[in-house]
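Read the structure below first, then the notes.
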Amino acid sequence: MTTLFDQLTARGRVALGLFALALLAVPFFADGYLISVITLVLWFAYVGQAWNVMMGFAGQLSLGHSLYVGLGAYASAALFVHFGVGPWAGVWLGMLAATLAGAIIGTLGFRFAIRGVHFALLTIAFAEFTRIAFDHIGWLGGSGGFFLPVGDAAGANPFDLRGSPALFYYVILALTFGALALCRRLLHSRIGYFWLAIREDQEAAQAVGIDVFRAKLIAVMISAAMTSLGGVFYAFFYNNLFPEQIFSVGRSIELILAPVIGGIGTLFGPIFGAFILTPLAELVTWGVESAGLDMPGIKQIFYGLALVAIVVYRPEGVWPWVARHLRLVHQPGDQPSHRAGDRP
Amino acid sequence: MMLTIEGLDLLYGDAQALDDVSLDVPEGAVTAIIGANGAGKTSLIRTVSGILRPARGSIRFEGREIAGLPSHTVCDLGIGQVAEGRQVFPTMTVRENLEMGAVIPRARERAKANLERMLVLFPRLGERLRQAAGTLSGGEQQMLAIGRCLMGEPRVILFDEPSLGLAPAVVQELFRIIKRLRDEGMTIVLVEQNVAASLHLAATAHVLEQGRIVLSGTGPELLDNPKVQEAYLGL
C-alpha cells in the first residue's frame, strides 16, 4: 500500500515542489525544441496516468486506449472545423464519446466475464474497427487525414487552443498535474479501495459485497474520459489527424510505456516513466542521426529494449525503486513488523 | 426457515455441478454440508451467494427469492460468506480488511462500533491492525476473514472449507469460534472436510455426491450412519 499511495516524506514533498517549479519555469529558459520535447513528455505522462486508472488502479488491461485518444481528437476537431466550436466546448463531446465507448467495451467485457488477455484483445478490436470506420468517413477526411487550420504561432488564444508552444506547454502541464490530483483523490476514495480490493482478489471483493461490475465500469469510463482529453490536446497541437496514426495499436502500446516503466498502479510512476523514456528515446534518435547512421524505427527498438529491461529487472516499475532509495516515500519498516514466532 | 433451497441445478457448460439440490437451513443452527472434493460443495456456496447463477431452482432467504441476484445484493441482504482459501486482501492492512467488510449499505453506518467488537472477539487482530494482511499467519488470516465477514452484520454465514490448510491447534480454535457464533444465535452453513468436527456442531447435515444430495439427517444421525463412517470418517 505504501508505494501505491505514495505517502510522501518531507523530502519527497520538497522534491515534488521543486519539480513542479522547474516545470513551470521551463518556457522562460528553454528553446523551442526543448519545450516541444517536454510537451510530448507531459502528454505521455498525462495519458499514462489516464490508462493507469484502469490498469493500475482497477487491474483491467487495455491495449486499445488509442480509441479514446482518437475519439477525443476527432470529436473536438470536427466541432471546431465544421461548426467553429472551440476545443473547451468540444472536449465535452469528446469525453462523452469516449466514455460511451468505454462503457460499451466494459459492459461487454465484464458482463460476459472476459478477463485478462481476452479483455485486452477486445479493447484492441474496438480500436481497430474504429480506425477502419474512420478511414471511410469522408466528412472527417477519411484515410486522407483531417486538418485543422494552423493558428498564429506567435499569439496566445487559450480559448481556441491556438497559439505559441508555451501556451500548449502550460495547458498540458496543467492537465498533468490535474490528473495527478484527481488520481490521488480517486485512490483515497471509496471507489479507490474497491479497485484495490478487486485487483488483489476479485472473488474476495465479491464476497464482501462490492459491486465488482460497477466498480470496474467506472474505472474504464473515467480512464476513457481522461484519455479523450489527451486526444483533444493532440488534435489542436498537431493540427492533423490520420486514422492510421491516431487509432493505431502502436499508439496504444506507446502510451502505456510510461506507466509500465514508471510503475503501474503508482501515482507518480506514469509521470516519472514519461520523463525517463521520452528524453532517452530522443537522445537515442539524436545519437544515431549524429553518428551519420540511417536507422528508421530506432525509437521503437529502444522502447522495446526498455520494456524488456523493465519486465526482467524491475517489474514493479522504476518509480517505487527510486522513491525507496531516495527516501521520497515512507518506508514499509515504519509499521510494526510481524513477529515470526507465532506462525502455526 | 432462514434459507430454503429447492430443485437447484447448476451447469458449467455441459457439466452438471448441482443436480436438483434441495435443503433447508434452520435459523440459529449449523447446517453442515459434507462430501468429497468435486462433489459440488463450493458450487453450492457460490450459487447461494450469487457468484454463480443457477440454471434452475429457487433459493429463498427469509421468504424472499434470491436465486440469480448479483452477489453484492445478496451480501447486502445479510448473507455473508467466508470463502475457501482465506481470501484476505494481502497488501491492505488488517484494519482496512475489516473495513472492507462493512462497505455494504446494511452495515456501513455501524462500521466503527463493529470494528471495536471484532477486536474484542479477535484480540490478536487488534495487535496487528496496521500490519499488511498478507504478513499474517494462516490462522490469523482465517480469523481476519471471519472478522471481515462479521463486519457486514450477516444473518447467515456461509463457510467454505474454513479449516483447509490450518494447523490442528488453529483448527480447534476455529471450531470454537464457529460454535460460539452459533451459540450467540448465528445461522451457519458449514462446508467442511473435517467431517467429524462439523457433524458434532451441526443440527442438520447433508451429504453431497456428484452434485446430488444423497443423505440428510441430524448431525448425530449422520455421525452414526455406517456409510458416512466408512466414506468420510475413516472408521
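We label chains A, B, ... in the order they appear in the C-alpha cells, count residues from 1 in each chain, and number ligands from 1 in the order shown.
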- Task: Identify, on the basis of only C-alpha atoms, every residue whose closest approach to A:Leu180 does not exceed 12 Å; exclude the query and any residue fewer than 3 positions from it along the same chain; express the result as number ranges by chain.
- Result: A: 5-6, 16, 20, 42, 45-50, 52-53, 173-177, 183-187, 226, 266-272
- Name the residues of stretch 2-233 of chain B that come out as strand (DSSP E or B) in a backbone DSSP run; write them as a PyMOL selection string. chain B and resi 3-12+15-25+30-35+56-61+64-65+79-82+93+132+156-160+187-191+204-209+212-218
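Going from atom CA of A:Phe242 to atom CA of A:Val308 covers 29.7 Å.
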- Could you pull the residues within 10 Å of stretch 167-180 of chain B, counting only C-alpha atoms, minus those fewer than 3 positions along the same chain, as a ChimeraX atom specification? /A:343-344 /B:29-30,121-122,138-140,142-143,146,157,159,162-164,183-186,188,190,194,197-198,200-202
- Near-stretch 116-129 of chain A list (9 Å; only C-alpha atoms; drop same-chain fewer than 3 positions) as number ranges by chain: A: 59-68, 70, 101, 105-106, 108-110, 113, 132-134, 247-249, 252
Counting only C-alpha atoms, which residues of chain B fall within 8 Å of chain A, and what is the closest atom pair for each with its distance in Å at one decimal, ordered by chain and rising number, as CSV?
residue,atom,partner,partner_atom,distance
B:Ser49,CA,A:Ala207,CA,7.8
B:Ile51,CA,A:Gln206,CA,7.5
B:Ser71,CA,A:Gln206,CA,6.4
B:His72,CA,A:Gly209,CA,4.0
B:Thr73,CA,A:Gly209,CA,7.2
B:Val74,CA,A:Gly209,CA,7.8
B:Cys75,CA,A:Gly209,CA,5.1
B:Asp76,CA,A:Gly209,CA,6.6
B:Gly80,CA,A:Ala207,CA,7.3
B:Gln81,CA,A:Ala207,CA,6.2
B:Val82,CA,A:Ala207,CA,7.6
B:Ala83,CA,A:Ala207,CA,7.3
B:Gln87,CA,A:Ala204,CA,5.4
B:Val88,CA,A:Ala204,CA,6.9
B:Phe89,CA,A:Glu200,CA,5.8
B:Pro90,CA,A:Glu200,CA,7.0
B:Thr91,CA,A:Met1,CA,5.8
B:Met92,CA,A:Met1,CA,6.4
B:Met100,CA,A:Val208,CA,6.9
B:Gly101,CA,A:Val208,CA,5.3
B:Ala102,CA,A:Val208,CA,7.7
B:Val103,CA,A:Gly209,CA,7.2
B:Ile104,CA,A:Gly209,CA,5.9
B:Arg130,CA,A:Gln335,CA,6.8
B:Gln131,CA,A:Pro336,CA,6.8
B:Thr135,CA,A:His338,CA,6.6
B:Leu136,CA,A:His338,CA,7.3
B:Ser137,CA,A:Arg343,CA,5.2
B:Gly138,CA,A:Pro344,CA,7.5
B:Gly139,CA,A:Pro344,CA,7.2
B:Arg148,CA,A:Val208,CA,7.8
B:Cys149,CA,A:Val208,CA,6.8
B:Gly152,CA,A:Val208,CA,7.5
B:Leu166,CA,A:Pro344,CA,7.8
B:Ala167,CA,A:Pro344,CA,5.9
B:Ala169,CA,A:Pro344,CA,7.9
B:Val170,CA,A:Pro344,CA,7.3
Writer output for current selection, N, CA and C atoms, as a compact mmCIF listing (two decimals), in the first residue's frame:
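And here's part_19.txt as it stands now:
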# COMPACT_ATOMS: atom_id res chain seq x y z
N SER B 49 -24.52 -17.55 -2.74
CA SER B 49 -24.03 -16.19 -2.52
C SER B 49 -24.12 -15.31 -3.75
N ILE B 51 -22.59 -15.60 -6.68
CA ILE B 51 -21.42 -15.51 -7.57
C ILE B 51 -21.66 -16.36 -8.83
N SER B 71 -24.16 -10.84 -6.55
CA SER B 71 -23.59 -11.15 -5.24
C SER B 71 -23.61 -9.98 -4.27
N HIS B 72 -23.42 -8.76 -4.78
CA HIS B 72 -23.42 -7.63 -3.84
C HIS B 72 -24.79 -7.39 -3.23
N THR B 73 -25.83 -7.70 -4.00
CA THR B 73 -27.19 -7.56 -3.47
C THR B 73 -27.45 -8.64 -2.42
N VAL B 74 -27.04 -9.86 -2.74
CA VAL B 74 -27.23 -10.97 -1.81
C VAL B 74 -26.50 -10.67 -0.49
N CYS B 75 -25.29 -10.16 -0.63
CA CYS B 75 -24.47 -9.82 0.53
C CYS B 75 -25.17 -8.76 1.37
N ASP B 76 -25.74 -7.78 0.71
CA ASP B 76 -26.38 -6.68 1.43
C ASP B 76 -27.69 -7.11 2.09
N GLY B 80 -23.58 -13.52 4.44
CA GLY B 80 -22.14 -13.33 4.40
C GLY B 80 -21.45 -14.63 4.05
N GLN B 81 -20.22 -14.52 3.55
CA GLN B 81 -19.50 -15.77 3.29
C GLN B 81 -18.03 -15.64 3.66
N VAL B 82 -17.52 -16.74 4.14
CA VAL B 82 -16.08 -16.85 4.38
C VAL B 82 -15.60 -17.87 3.36
N ALA B 83 -14.99 -17.33 2.28
CA ALA B 83 -14.70 -18.17 1.12
C ALA B 83 -13.51 -19.06 1.37
N GLN B 87 -9.51 -15.67 1.69
CA GLN B 87 -9.29 -14.59 0.74
C GLN B 87 -9.22 -13.24 1.43
N VAL B 88 -8.10 -12.94 2.06
CA VAL B 88 -7.92 -11.58 2.59
C VAL B 88 -7.25 -10.75 1.50
N PHE B 89 -7.30 -9.43 1.65
CA PHE B 89 -6.63 -8.54 0.70
C PHE B 89 -5.20 -8.34 1.22
N PRO B 90 -4.21 -8.97 0.57
CA PRO B 90 -2.89 -9.10 1.19
C PRO B 90 -2.13 -7.80 1.45
N THR B 91 -2.24 -6.80 0.56
CA THR B 91 -1.45 -5.59 0.84
C THR B 91 -2.21 -4.58 1.70
N MET B 92 -3.50 -4.81 1.87
CA MET B 92 -4.24 -3.93 2.78
C MET B 92 -3.91 -4.30 4.21
N MET B 100 -13.27 -3.17 4.86
CA MET B 100 -13.85 -3.61 3.59
C MET B 100 -15.08 -4.49 3.83
N GLY B 101 -15.11 -5.15 4.99
CA GLY B 101 -16.26 -5.99 5.29
C GLY B 101 -17.53 -5.19 5.52
N ALA B 102 -17.35 -3.89 5.78
CA ALA B 102 -18.51 -3.06 6.13
C ALA B 102 -18.87 -2.09 5.02
N VAL B 103 -18.49 -2.40 3.77
CA VAL B 103 -18.81 -1.46 2.69
C VAL B 103 -20.25 -1.60 2.22
N ILE B 104 -20.89 -2.72 2.54
CA ILE B 104 -22.28 -2.87 2.09
C ILE B 104 -23.17 -1.94 2.91
N ARG B 130 -2.33 -2.45 12.01
CA ARG B 130 -1.64 -1.67 10.98
C ARG B 130 -0.75 -2.53 10.10
N GLN B 131 -0.81 -3.84 10.34
CA GLN B 131 0.05 -4.74 9.59
C GLN B 131 -0.65 -5.18 8.29
N THR B 135 0.95 -10.55 5.65
CA THR B 135 2.05 -10.97 6.53
C THR B 135 1.53 -11.76 7.73
N LEU B 136 0.21 -11.94 7.84
CA LEU B 136 -0.34 -12.70 8.97
C LEU B 136 -0.12 -14.19 8.75
N SER B 137 -0.16 -14.94 9.83
CA SER B 137 -0.10 -16.40 9.72
C SER B 137 -1.42 -16.91 9.14
N GLY B 138 -1.42 -18.16 8.71
CA GLY B 138 -2.62 -18.73 8.12
C GLY B 138 -3.83 -18.64 9.04
N GLY B 139 -3.62 -18.97 10.30
CA GLY B 139 -4.72 -18.92 11.26
C GLY B 139 -5.25 -17.51 11.46
N ARG B 148 -13.91 -10.03 9.00
CA ARG B 148 -14.35 -9.18 7.89
C ARG B 148 -15.79 -9.50 7.51
N CYS B 149 -16.11 -10.79 7.53
CA CYS B 149 -17.48 -11.21 7.21
C CYS B 149 -18.46 -10.66 8.25
N GLY B 152 -19.94 -7.15 8.16
CA GLY B 152 -21.09 -6.90 7.30
C GLY B 152 -22.42 -7.23 7.97
N LEU B 166 -4.99 -25.41 7.73
CA LEU B 166 -4.61 -24.83 9.02
C LEU B 166 -4.02 -25.89 9.94
N ALA B 167 -3.14 -25.43 10.83
CA ALA B 167 -2.54 -26.35 11.80
C ALA B 167 -3.61 -26.84 12.78
N ALA B 169 -3.99 -27.07 15.98
CA ALA B 169 -4.35 -26.21 17.11
C ALA B 169 -5.24 -25.06 16.63
N VAL B 170 -4.92 -24.55 15.44
CA VAL B 170 -5.70 -23.44 14.90
C VAL B 170 -7.09 -23.91 14.50
- Message: Which of stretch 44-201 of chain A end up as helix (DSSP H, G or I) when DSSP is run on this backbone - answer as a PyMOL selection string?
- Response: chain A and resi 44-57+66-83+87-111+116-134+138-140+142-144+165-188+190-200
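Between A:Arg251 and the candidates A:Gly265, A:Pro87, A:Gln300, A:Ile310, the tightest atom-to-atom separation, counting only C-alpha atoms, involves A:Gln300.
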- Task: Report the distance between atom CA of A:Trp319 and atom CA of A:Trp195 in Å, rounded to one decimal place.
- Result: 20.9 Å
Distance query A:Glu316 at most 9 Å, only C-alpha atoms, self and fewer than 5 positions along chain excluded, as an mmCIF file with N, CA and C atoms, in the first residue's frame:
data_model
loop_
_atom_site.group_PDB
_atom_site.id
_atom_site.type_symbol
_atom_site.label_atom_id
_atom_site.label_comp_id
_atom_site.auth_asym_id
_atom_site.auth_seq_id
_atom_site.Cartn_x
_atom_site.Cartn_y
_atom_site.Cartn_z
ATOM 1 N N VAL A 260 4.070 1.694 -17.423
ATOM 2 C CA VAL A 260 4.686 0.376 -17.205
ATOM 3 C C VAL A 260 6.108 0.554 -16.689
ATOM 4 N N ILE A 261 6.838 1.471 -17.308
ATOM 5 C CA ILE A 261 8.225 1.659 -16.910
ATOM 6 C C ILE A 261 8.311 2.416 -15.589
ATOM 7 N N GLY A 262 7.441 3.389 -15.398
ATOM 8 C CA GLY A 262 7.466 4.147 -14.149
ATOM 9 C C GLY A 262 6.942 3.348 -12.974
ATOM 10 N N GLY A 263 5.911 2.567 -13.202
ATOM 11 C CA GLY A 263 5.332 1.771 -12.116
ATOM 12 C C GLY A 263 3.821 1.771 -12.186
ATOM 13 N N ILE A 264 3.271 0.647 -12.629
ATOM 14 C CA ILE A 264 1.813 0.506 -12.755
ATOM 15 C C ILE A 264 1.171 0.611 -11.373
ATOM 16 N N ILE A 310 12.739 -3.572 -18.162
ATOM 17 C CA ILE A 310 11.868 -3.337 -17.006
ATOM 18 C C ILE A 310 11.224 -4.635 -16.541
ATOM 19 N N VAL A 311 10.695 -5.386 -17.505
ATOM 20 C CA VAL A 311 9.997 -6.621 -17.156
ATOM 21 C C VAL A 311 10.951 -7.584 -16.438
ATOM 22 N N TRP A 321 11.158 1.946 -6.857
ATOM 23 C CA TRP A 321 12.540 1.658 -6.504
ATOM 24 C C TRP A 321 13.297 2.953 -6.214
#
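Proximity of B:Gly40, B:Gly78, B:Gly57, B:Gly134 to B:Val94, computed with only C-alpha atoms, is greatest for B:Gly134.
Between atom CA of B:Arg108 and atom CA of B:Ile45 the interatomic distance comes to 24.3 Å.
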6 Å contact set for stretch 11-28 of chain B, only C-alpha atoms, chain neighbours under 2 positions out, as a PDB file with N, CA, C and O atoms, in the first residue's frame:
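File produced: selection22.pdb:
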ATOM      1  N   MET B   1     -37.848 -21.144   8.394  1.00  0.00           N
ATOM      2  CA  MET B   1     -36.554 -21.420   7.774  1.00  0.00           C
ATOM      3  C   MET B   1     -35.852 -20.129   7.356  1.00  0.00           C
ATOM      4  O   MET B   1     -36.466 -19.226   6.805  1.00  0.00           O
ATOM      5  N   MET B   2     -34.579 -20.089   7.606  1.00  0.00           N
ATOM      6  CA  MET B   2     -33.802 -18.923   7.198  1.00  0.00           C
ATOM      7  C   MET B   2     -33.569 -18.955   5.690  1.00  0.00           C
ATOM      8  O   MET B   2     -33.781 -17.981   4.988  1.00  0.00           O
ATOM      9  N   LEU B   3     -33.122 -20.140   5.236  1.00  0.00           N
ATOM     10  CA  LEU B   3     -32.844 -20.328   3.810  1.00  0.00           C
ATOM     11  C   LEU B   3     -33.555 -21.596   3.350  1.00  0.00           C
ATOM     12  O   LEU B   3     -33.497 -22.616   4.034  1.00  0.00           O
ATOM     13  N   THR B   4     -34.198 -21.501   2.191  1.00  0.00           N
ATOM     14  CA  THR B   4     -34.823 -22.694   1.626  1.00  0.00           C
ATOM     15  C   THR B   4     -34.363 -22.848   0.182  1.00  0.00           C
ATOM     16  O   THR B   4     -34.577 -21.959  -0.633  1.00  0.00           O
ATOM     17  N   ILE B   5     -33.690 -23.936  -0.076  1.00  0.00           N
ATOM     18  CA  ILE B   5     -33.180 -24.188  -1.430  1.00  0.00           C
ATOM     19  C   ILE B   5     -34.007 -25.309  -2.032  1.00  0.00           C
ATOM     20  O   ILE B   5     -34.231 -26.341  -1.392  1.00  0.00           O
ATOM     21  N   GLU B   6     -34.491 -25.091  -3.261  1.00  0.00           N
ATOM     22  CA  GLU B   6     -35.355 -26.089  -3.891  1.00  0.00           C
ATOM     23  C   GLU B   6     -34.988 -26.341  -5.338  1.00  0.00           C
ATOM     24  O   GLU B   6     -34.928 -25.399  -6.131  1.00  0.00           O
ATOM     25  N   GLY B   7     -34.715 -27.591  -5.646  1.00  0.00           N
ATOM     26  CA  GLY B   7     -34.508 -28.011  -7.042  1.00  0.00           C
ATOM     27  C   GLY B   7     -33.411 -27.263  -7.769  1.00  0.00           C
ATOM     28  O   GLY B   7     -33.542 -26.936  -8.947  1.00  0.00           O
ATOM     29  N   LEU B   8     -32.312 -27.010  -7.056  1.00  0.00           N
ATOM     30  CA  LEU B   8     -31.254 -26.192  -7.641  1.00  0.00           C
ATOM     31  C   LEU B   8     -30.384 -26.994  -8.616  1.00  0.00           C
ATOM     32  O   LEU B   8     -29.820 -28.022  -8.265  1.00  0.00           O
ATOM     33  N   ASP B   9     -30.280 -26.477  -9.842  1.00  0.00           N
ATOM     34  CA  ASP B   9     -29.389 -27.049 -10.850  1.00  0.00           C
ATOM     35  C   ASP B   9     -28.350 -26.007 -11.220  1.00  0.00           C
ATOM     36  O   ASP B   9     -28.691 -24.848 -11.453  1.00  0.00           O
ATOM     37  N   GLY B  40     -19.442 -30.723  -5.314  1.00  0.00           N
ATOM     38  CA  GLY B  40     -20.324 -29.586  -5.579  1.00  0.00           C
ATOM     39  C   GLY B  40     -20.551 -28.685  -4.380  1.00  0.00           C
ATOM     40  O   GLY B  40     -21.393 -27.801  -4.417  1.00  0.00           O
ATOM     41  N   GLY B 185     -26.476 -17.352  18.356  1.00  0.00           N
ATOM     42  CA  GLY B 185     -27.686 -17.297  17.540  1.00  0.00           C
ATOM     43  C   GLY B 185     -27.468 -17.124  16.054  1.00  0.00           C
ATOM     44  O   GLY B 185     -28.418 -16.938  15.297  1.00  0.00           O
ATOM     45  N   MET B 186     -26.208 -17.158  15.612  1.00  0.00           N
ATOM     46  CA  MET B 186     -25.929 -17.001  14.179  1.00  0.00           C
ATOM     47  C   MET B 186     -26.365 -18.243  13.411  1.00  0.00           C
ATOM     48  O   MET B 186     -26.217 -19.363  13.901  1.00  0.00           O
ATOM     49  N   THR B 187     -26.915 -18.034  12.222  1.00  0.00           N
ATOM     50  CA  THR B 187     -27.235 -19.138  11.327  1.00  0.00           C
ATOM     51  C   THR B 187     -26.003 -19.426  10.472  1.00  0.00           C
ATOM     52  O   THR B 187     -25.427 -18.505   9.905  1.00  0.00           O
ATOM     53  N   GLY B 211     -22.884 -33.668  -7.055  1.00  0.00           N
ATOM     54  CA  GLY B 211     -23.887 -32.637  -7.263  1.00  0.00           C
ATOM     55  C   GLY B 211     -25.277 -32.955  -6.737  1.00  0.00           C
ATOM     56  O   GLY B 211     -26.189 -32.165  -6.890  1.00  0.00           O
ATOM     57  N   ARG B 212     -25.457 -34.152  -6.132  1.00  0.00           N
ATOM     58  CA  ARG B 212     -26.774 -34.516  -5.607  1.00  0.00           C
ATOM     59  C   ARG B 212     -26.694 -34.714  -4.106  1.00  0.00           C
ATOM     60  O   ARG B 212     -25.675 -35.167  -3.589  1.00  0.00           O
TER      61      ARG B 212
END
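In this comparison, which uses only C-alpha atoms, the residue of A:Val41, A:Leu148, A:Leu21, A:Val14 approaching A:Leu255 most closely is A:Val41.
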